[in-house]
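Enquirer: One file: structure_29.txt (compact mmCIF, C-alpha atoms).
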# COMPACT_ATOMS: atom_id res chain seq x y z
CA GLN U 56 -19.66 -67.29 -29.23
CA SER U 57 -22.85 -65.48 -28.42
CA ALA U 58 -23.72 -62.42 -30.44
CA ALA U 59 -26.11 -61.02 -27.85
CA ILE U 60 -25.30 -57.34 -27.51
CA SER U 61 -27.11 -55.32 -24.88
CA THR U 62 -28.24 -51.74 -25.27
CA LYS U 63 -25.57 -50.75 -22.75
CA ASN U 64 -22.84 -52.45 -24.77
CA LEU U 65 -24.09 -50.77 -27.92
CA ALA U 66 -23.78 -47.42 -26.23
CA LEU U 67 -20.20 -48.22 -25.22
CA ALA U 68 -19.41 -49.40 -28.75
CA SER U 69 -20.83 -46.26 -30.27
CA GLY U 70 -18.33 -43.68 -31.43
CA THR U 71 -18.44 -40.02 -32.32
CA SER U 72 -21.50 -37.86 -31.69
CA VAL U 73 -23.26 -35.93 -34.44
CA ALA U 74 -21.69 -32.70 -33.19
CA ALA U 75 -18.23 -34.24 -33.32
CA LEU U 76 -18.82 -35.54 -36.83
CA GLN U 77 -19.96 -32.14 -38.05
CA SER U 78 -16.84 -30.54 -36.60
CA SER U 79 -14.55 -32.97 -38.40
CA LYS U 80 -13.48 -31.67 -41.82
CA LYS U 81 -11.54 -34.75 -42.84
CA ARG U 82 -14.20 -37.45 -42.36
CA ASN U 83 -15.23 -38.70 -45.79
CA ASN U 84 -15.70 -42.38 -45.02
CA THR U 85 -19.17 -42.33 -43.48
CA VAL U 86 -21.68 -45.03 -44.40
CA LEU U 87 -25.12 -44.26 -43.02
CA ILE U 88 -27.74 -46.85 -42.01
CA THR U 89 -31.26 -45.40 -41.87
CA GLY U 90 -34.89 -46.38 -42.41
CA PRO U 91 -38.11 -46.91 -40.44
CA MET U 92 -38.26 -48.22 -36.89
CA GLY U 93 -37.98 -51.95 -36.33
CA ALA U 94 -36.55 -52.74 -39.77
CA GLY U 95 -33.30 -54.27 -38.47
CA LYS U 96 -30.88 -51.35 -38.80
CA THR U 97 -29.07 -51.97 -35.52
CA ALA U 98 -28.78 -55.70 -36.23
CA LEU U 99 -27.10 -54.83 -39.53
CA TRP U 100 -24.80 -52.37 -37.75
CA CYS U 101 -23.87 -55.13 -35.29
CA TYR U 102 -23.14 -57.65 -38.04
CA ILE U 103 -20.75 -55.23 -39.72
CA ARG U 104 -19.32 -53.87 -36.46
CA PHE U 105 -18.73 -57.30 -34.91
CA PRO U 106 -18.00 -59.67 -37.84
CA GLU U 107 -16.63 -62.34 -35.51
CA ASN U 108 -20.16 -62.95 -34.15
CA LYS U 109 -21.87 -65.51 -36.37
CA ALA U 110 -25.26 -65.71 -34.65
CA ALA U 111 -28.01 -63.14 -35.07
CA PRO U 112 -27.50 -60.26 -32.61
CA LYS U 113 -30.22 -59.65 -30.04
CA THR U 114 -31.06 -55.97 -30.27
CA GLN U 115 -33.76 -53.59 -29.12
CA THR U 116 -35.17 -50.48 -30.74
CA SER U 117 -32.32 -47.97 -30.66
CA MET U 118 -32.76 -44.79 -28.65
CA ALA U 119 -29.49 -43.17 -29.74
CA VAL U 120 -27.14 -43.01 -32.70
CA ASN U 121 -24.70 -45.94 -32.92
CA SER U 122 -21.38 -45.22 -34.63
CA ALA U 123 -17.96 -46.82 -34.88
CA GLU U 124 -14.88 -47.09 -37.06
CA VAL U 125 -14.93 -50.51 -38.73
CA LYS U 126 -12.86 -52.38 -41.29
CA VAL U 127 -14.68 -53.72 -44.34
CA GLY U 128 -12.20 -55.40 -46.63
CA ASP U 129 -9.43 -52.84 -47.10
CA ALA U 130 -11.78 -49.92 -46.40
CA ASN U 131 -11.80 -47.98 -43.15
CA VAL U 132 -15.47 -47.15 -42.67
CA TYR U 133 -17.20 -44.85 -40.21
CA LEU U 134 -20.45 -46.79 -39.79
CA VAL U 135 -23.45 -44.88 -38.44
CA ASP U 136 -26.85 -46.31 -37.42
CA VAL U 137 -29.53 -43.66 -36.87
CA PRO U 138 -32.75 -44.67 -35.07
CA GLY U 139 -35.90 -44.57 -37.17
CA HIS U 140 -37.99 -42.53 -34.74
CA GLN U 141 -39.12 -39.15 -36.03
CA LYS U 142 -37.22 -37.31 -33.30
CA HIS U 143 -33.96 -38.58 -34.83
CA ARG U 144 -34.56 -37.17 -38.32
CA PHE U 145 -32.34 -34.21 -37.47
CA ASP U 146 -29.55 -36.65 -36.63
CA ARG U 147 -30.06 -38.41 -39.97
CA ASP U 148 -30.04 -35.14 -41.88
CA ALA U 149 -26.82 -34.10 -40.12
CA PHE U 150 -25.03 -37.14 -41.55
CA LEU U 151 -26.43 -37.01 -45.09
CA PRO U 152 -24.02 -34.27 -46.32
CA VAL U 153 -20.98 -36.41 -45.45
CA ALA U 154 -22.36 -39.86 -46.26
CA ARG U 155 -20.33 -41.77 -48.82
CA GLY U 156 -23.13 -44.31 -49.09
CA ILE U 157 -26.57 -44.85 -47.55
CA MET U 158 -28.19 -48.14 -46.56
CA PHE U 159 -31.96 -47.78 -46.22
CA VAL U 160 -33.39 -50.79 -44.37
CA VAL U 161 -37.01 -51.86 -44.93
CA ASP U 162 -39.05 -54.44 -43.01
CA SER U 163 -40.24 -56.73 -45.82
CA VAL U 164 -42.94 -58.24 -43.61
CA VAL U 165 -44.87 -55.10 -42.63
CA VAL U 166 -43.88 -52.69 -45.41
CA SER U 167 -47.35 -52.86 -46.96
CA GLN U 168 -48.84 -51.70 -43.65
CA ASN U 169 -46.32 -48.86 -43.27
CA LEU U 170 -45.90 -48.03 -46.93
CA THR U 171 -46.65 -44.30 -46.76
CA SER U 172 -44.38 -43.59 -43.79
CA THR U 173 -41.60 -45.75 -45.28
CA ALA U 174 -41.87 -44.02 -48.66
CA GLU U 175 -41.87 -40.60 -46.97
CA LEU U 176 -38.63 -41.44 -45.13
CA LEU U 177 -37.03 -42.69 -48.34
CA TYR U 178 -38.28 -39.66 -50.29
CA ASP U 179 -36.70 -37.30 -47.74
CA VAL U 180 -33.37 -39.11 -48.06
CA LEU U 181 -33.37 -39.22 -51.86
CA ALA U 182 -34.56 -35.61 -52.20
CA ASN U 183 -31.96 -34.23 -49.78
CA LYS U 184 -29.96 -31.60 -51.66
CA HIS U 185 -26.62 -33.04 -50.54
CA VAL U 186 -27.58 -36.55 -51.60
CA GLN U 187 -28.70 -35.22 -54.98
CA GLN U 188 -25.65 -33.02 -55.55
CA LYS U 189 -23.20 -35.78 -54.61
CA GLU U 190 -25.26 -38.51 -56.30
CA THR U 191 -24.74 -40.57 -53.16
CA PRO U 192 -25.18 -44.33 -53.76
CA VAL U 193 -28.16 -45.85 -51.93
CA LEU U 194 -28.64 -49.52 -51.05
CA ILE U 195 -32.25 -50.35 -50.17
CA LEU U 196 -32.25 -53.55 -48.10
CA CYS U 197 -35.52 -55.49 -48.05
CA ASN U 198 -34.88 -57.13 -44.71
CA LYS U 199 -36.39 -60.04 -42.73
CA GLN U 200 -36.54 -62.31 -45.75
CA ASP U 201 -36.40 -65.31 -43.40
CA ASP U 202 -40.09 -64.67 -42.64
CA PRO U 203 -42.41 -66.60 -45.00
CA SER U 204 -44.68 -63.56 -45.29
CA ALA U 205 -41.88 -61.25 -46.44
CA LEU U 206 -42.40 -59.53 -49.77
CA SER U 207 -39.71 -59.80 -52.44
CA ASN U 208 -37.43 -56.93 -53.36
CA VAL U 209 -39.10 -56.78 -56.79
CA ARG U 210 -42.52 -56.31 -55.19
CA ILE U 211 -41.25 -53.78 -52.66
CA LYS U 212 -39.51 -51.79 -55.39
CA SER U 213 -42.78 -51.53 -57.31
CA MET U 214 -44.72 -50.53 -54.19
CA LEU U 215 -42.20 -47.85 -53.20
CA GLU U 216 -42.11 -46.40 -56.72
CA GLU U 217 -45.90 -46.18 -56.82
CA GLU U 218 -46.09 -44.55 -53.40
CA ILE U 219 -43.26 -42.10 -54.11
CA ASP U 220 -45.04 -41.16 -57.33
CA ARG U 221 -48.16 -40.39 -55.29
CA LEU U 222 -46.16 -38.42 -52.69
CA ARG U 223 -44.45 -36.47 -55.46
CA ALA U 224 -47.81 -35.36 -56.86
CA SER U 225 -48.98 -34.41 -53.37
CA ARG U 226 -45.87 -32.32 -52.72
CA GLN U 227 -46.26 -30.51 -56.02
CA ALA U 228 -49.85 -29.69 -55.08
CA ASP U 229 -48.53 -28.24 -51.83
CA ILE U 230 -46.28 -25.92 -53.85
CA GLY U 231 -49.31 -24.47 -55.61
CA SER U 232 -51.04 -23.98 -52.27
CA LEU U 233 -48.04 -22.14 -50.85
CA ARG U 234 -47.85 -19.86 -53.88
CA ASN U 235 -51.57 -19.13 -53.69
CA VAL U 236 -51.20 -18.24 -50.03
CA GLY U 237 -48.37 -15.89 -50.93
CA THR U 238 -50.46 -14.01 -53.49
CA THR U 239 -53.58 -13.73 -51.34
CA SER U 240 -51.89 -12.85 -48.04
CA GLY U 241 -50.00 -9.71 -47.13
CA ALA U 242 -46.82 -8.74 -48.95
CA GLY U 243 -44.81 -9.44 -45.81
CA ASN U 244 -45.38 -13.15 -46.22
CA ASP U 245 -44.56 -13.37 -49.92
CA TYR U 246 -40.86 -14.03 -49.48
CA ASP U 247 -41.33 -16.78 -46.90
CA ASP U 248 -44.02 -18.48 -48.98
CA ASP U 249 -41.97 -18.25 -52.18
CA GLU U 250 -38.93 -19.61 -50.39
CA ALA U 251 -40.93 -22.54 -48.99
CA ALA U 252 -42.39 -23.24 -52.43
CA ALA U 253 -38.94 -23.13 -54.04
CA GLU U 254 -37.57 -25.53 -51.43
CA LYS U 255 -40.38 -28.00 -52.10
CA ALA U 256 -39.94 -27.65 -55.86
CA SER U 257 -36.26 -28.54 -55.56
CA ASP U 258 -37.02 -31.92 -54.01
CA PHE U 259 -38.87 -33.22 -57.07
CA LEU U 260 -37.70 -36.75 -57.86
CA GLY U 261 -37.52 -38.19 -61.36
CA TYR U 262 -39.00 -36.62 -64.50
CA ASP U 263 -42.07 -34.43 -64.72
CA GLY U 264 -44.86 -36.16 -66.64
CA LYS U 265 -43.34 -39.62 -66.18
CA ARG U 266 -44.22 -42.18 -63.54
CA PHE U 267 -41.52 -42.28 -60.87
CA SER U 268 -38.85 -44.93 -61.25
CA PHE U 269 -35.65 -45.42 -59.26
CA GLU U 270 -33.86 -45.78 -62.59
CA ASP U 271 -34.56 -42.09 -63.32
CA LEU U 272 -32.48 -40.89 -60.36
CA PRO U 273 -28.86 -39.81 -60.83
CA ASN U 274 -27.89 -41.80 -57.74
CA PRO U 275 -26.89 -45.45 -58.12
CA ILE U 276 -29.83 -47.25 -56.46
CA GLN U 277 -29.56 -50.94 -55.57
CA ILE U 278 -32.43 -52.95 -54.04
CA ASN U 279 -31.41 -56.21 -52.35
CA GLU U 280 -33.00 -58.80 -50.09
CA SER U 281 -31.48 -59.55 -46.69
CA SER U 282 -32.03 -61.32 -43.40
CA MET U 283 -30.42 -60.75 -40.01
CA ALA U 284 -31.74 -64.03 -38.58
CA MET U 285 -30.22 -66.72 -40.83
CA ASN U 286 -26.52 -65.92 -40.63
CA MET U 287 -27.19 -63.78 -43.70
CA ASN U 288 -27.79 -66.74 -46.02
CA ILE U 289 -30.27 -64.62 -47.97
CA GLY U 290 -28.60 -61.72 -49.74
CA GLY U 291 -25.77 -62.25 -47.25
CA MET U 292 -23.12 -60.03 -45.75
CA GLU U 293 -20.87 -60.75 -48.70
CA GLN U 294 -23.12 -58.67 -50.98
CA ILE U 295 -23.46 -55.90 -48.41
CA ASN U 296 -19.73 -55.79 -47.74
CA SER U 297 -19.05 -55.77 -51.50
CA TRP U 298 -21.35 -52.79 -51.90
CA ILE U 299 -19.55 -50.95 -49.11
CA MET U 300 -16.11 -51.73 -50.54
CA GLU U 301 -17.17 -50.44 -53.98
CA LEU U 302 -17.84 -47.06 -52.36
CA PHE U 303 -14.13 -46.75 -51.63
CA GLU U 304 -12.73 -47.87 -54.97
Mind converting the file's structure to C-alpha cells?
Expert:
Amino acid sequence: QSAAISTKNLALASGTSVAALQSSKKRNNTVLITGPMGAGKTALWCYIRFPENKAAPKTQTSMAVNSAEVKVGDANVYLVDVPGHQKHRFDRDAFLPVARGIMFVVDSVVVSQNLTSTAELLYDVLANKHVQQKETPVLILCNKQDDPSALSNVRIKSMLEEEIDRLRASRQADIGSLRNVGTTSGAGNDYDDDEAAAEKASDFLGYDGKRFSFEDLPNPIQINESSMAMNMNIGGMEQINSWIMELFE
C-alpha cells in the first residue's frame, strides 16, 4: 500500500486548530513535533498517524499545523506537527504550555550549515517558561540518517551544546545592554527595559560559569538518530513509540 500522502489529504487528516486546543481545559495528552524547516517533521507525523503505511511518506514543506488523535500502544495521543517557518513560532508557543512531550527534529545532513538557526529554535523551546516549570521531556531526533553525509547524534549533540553556550552568552550580553539603556534613557522607559531584561534573564539555560550541557537541564533530554526513508531501520519507530508511551506511564 502506498504511503504517498498529499498536502490536501494532510489538511483533511489534521485535527483541532490552535484556538480550539487553547480553549480545551481537559487536553493533557499533546505530543508536539517541532524543529527547523525541511527536517522531516511531517514525515514523522505521518508515520505515527498512519502506522499501516510501511513505505516512506511523500510530503512537502508544511504550510499549516497538522494535528490528530492517534493511538500509540495503549496511549491516546494528540499529535501535533508545527511547521518550522518563523511565521509559525506563535503556533508552536501556543502548544508548549500543554505539551506532555516535545520531539525536536533536526536534519542531520545540513545541521552544520544551519547550526545557529537550529540552536536558536531549540533554545527557545528549552527556555520556554512552561517547558521549564513542567520539566517537559524532549526527544531530539537527528533525522535523515540514511544519507551517508549525515552527522551522528553524538556529533550533533556536541555541536548544539557549543552553539547554545555561545547563544547563552550573547543573550546575557543583551541583558546588560537593556539595563544600560534603561539607566541612560528617560525614566518612562525604565520599567519596560527592566521587564525585558528580567524576561531574558529567566531564559538562562544550565549553570552560570559552566559550559552548557543538556545534562544540566531539569528536563529529561534524549538524543536519538532516525530516518524516515528506510522504513525506520535506523533508530526506528519502536524507539520513538516507546518514548511516547513512557510519557503516559
Enquirer: Could you check the closest approach to Glu217 (chain U) for each of U:Ala174, U:Val137, U:Leu194, U:Met92 and tell me which residue wins, using all atoms listed in the file?
Expert: U:Ala174
Enquirer: Find the residues around Asn131 (chain U) up to 9 Å (all atoms listed in the file counted), leave out those fewer than 4 positions away in its own chain, and share them as a VMD selection string.
Expert: chain U and resid 84 124 to 127 303
Enquirer: Measure the distance from CA of Asp179 (chain U) to CA of Arg210 (chain U) in Å and round it to one decimal.
Expert: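 Atom-to-atom, CA of Asp179 (chain U) and CA of Arg210 (chain U) are spaced 21.2 Å apart.
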Enquirer: Can you work out which one of U:Glu107, U:Glu190, U:Asp162, U:Asp148 has the shortest atom-to-atom distance to Ile276 (chain U), counting only C-alpha atoms?
Expert: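 Once distances to Ile276 (chain U) are computed over only C-alpha atoms, the minimum belongs to U:Glu190.
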Enquirer: Taking all atoms listed in the file into account, name the residue in U:Pro192, U:Leu99, U:Val153, U:Val86 that is nearest to Ala130 (chain U).
Expert: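 Answer, going by the shortest atom-to-atom distance: U:Val86.
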Enquirer: Mind giving me the straight-line distance from CA of Glu304 (chain U) to CA of Val193 (chain U) in Å, one decimal?
Expert: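 Interatomic distance, CA of Glu304 (chain U) to CA of Val193 (chain U): 15.9 Å.
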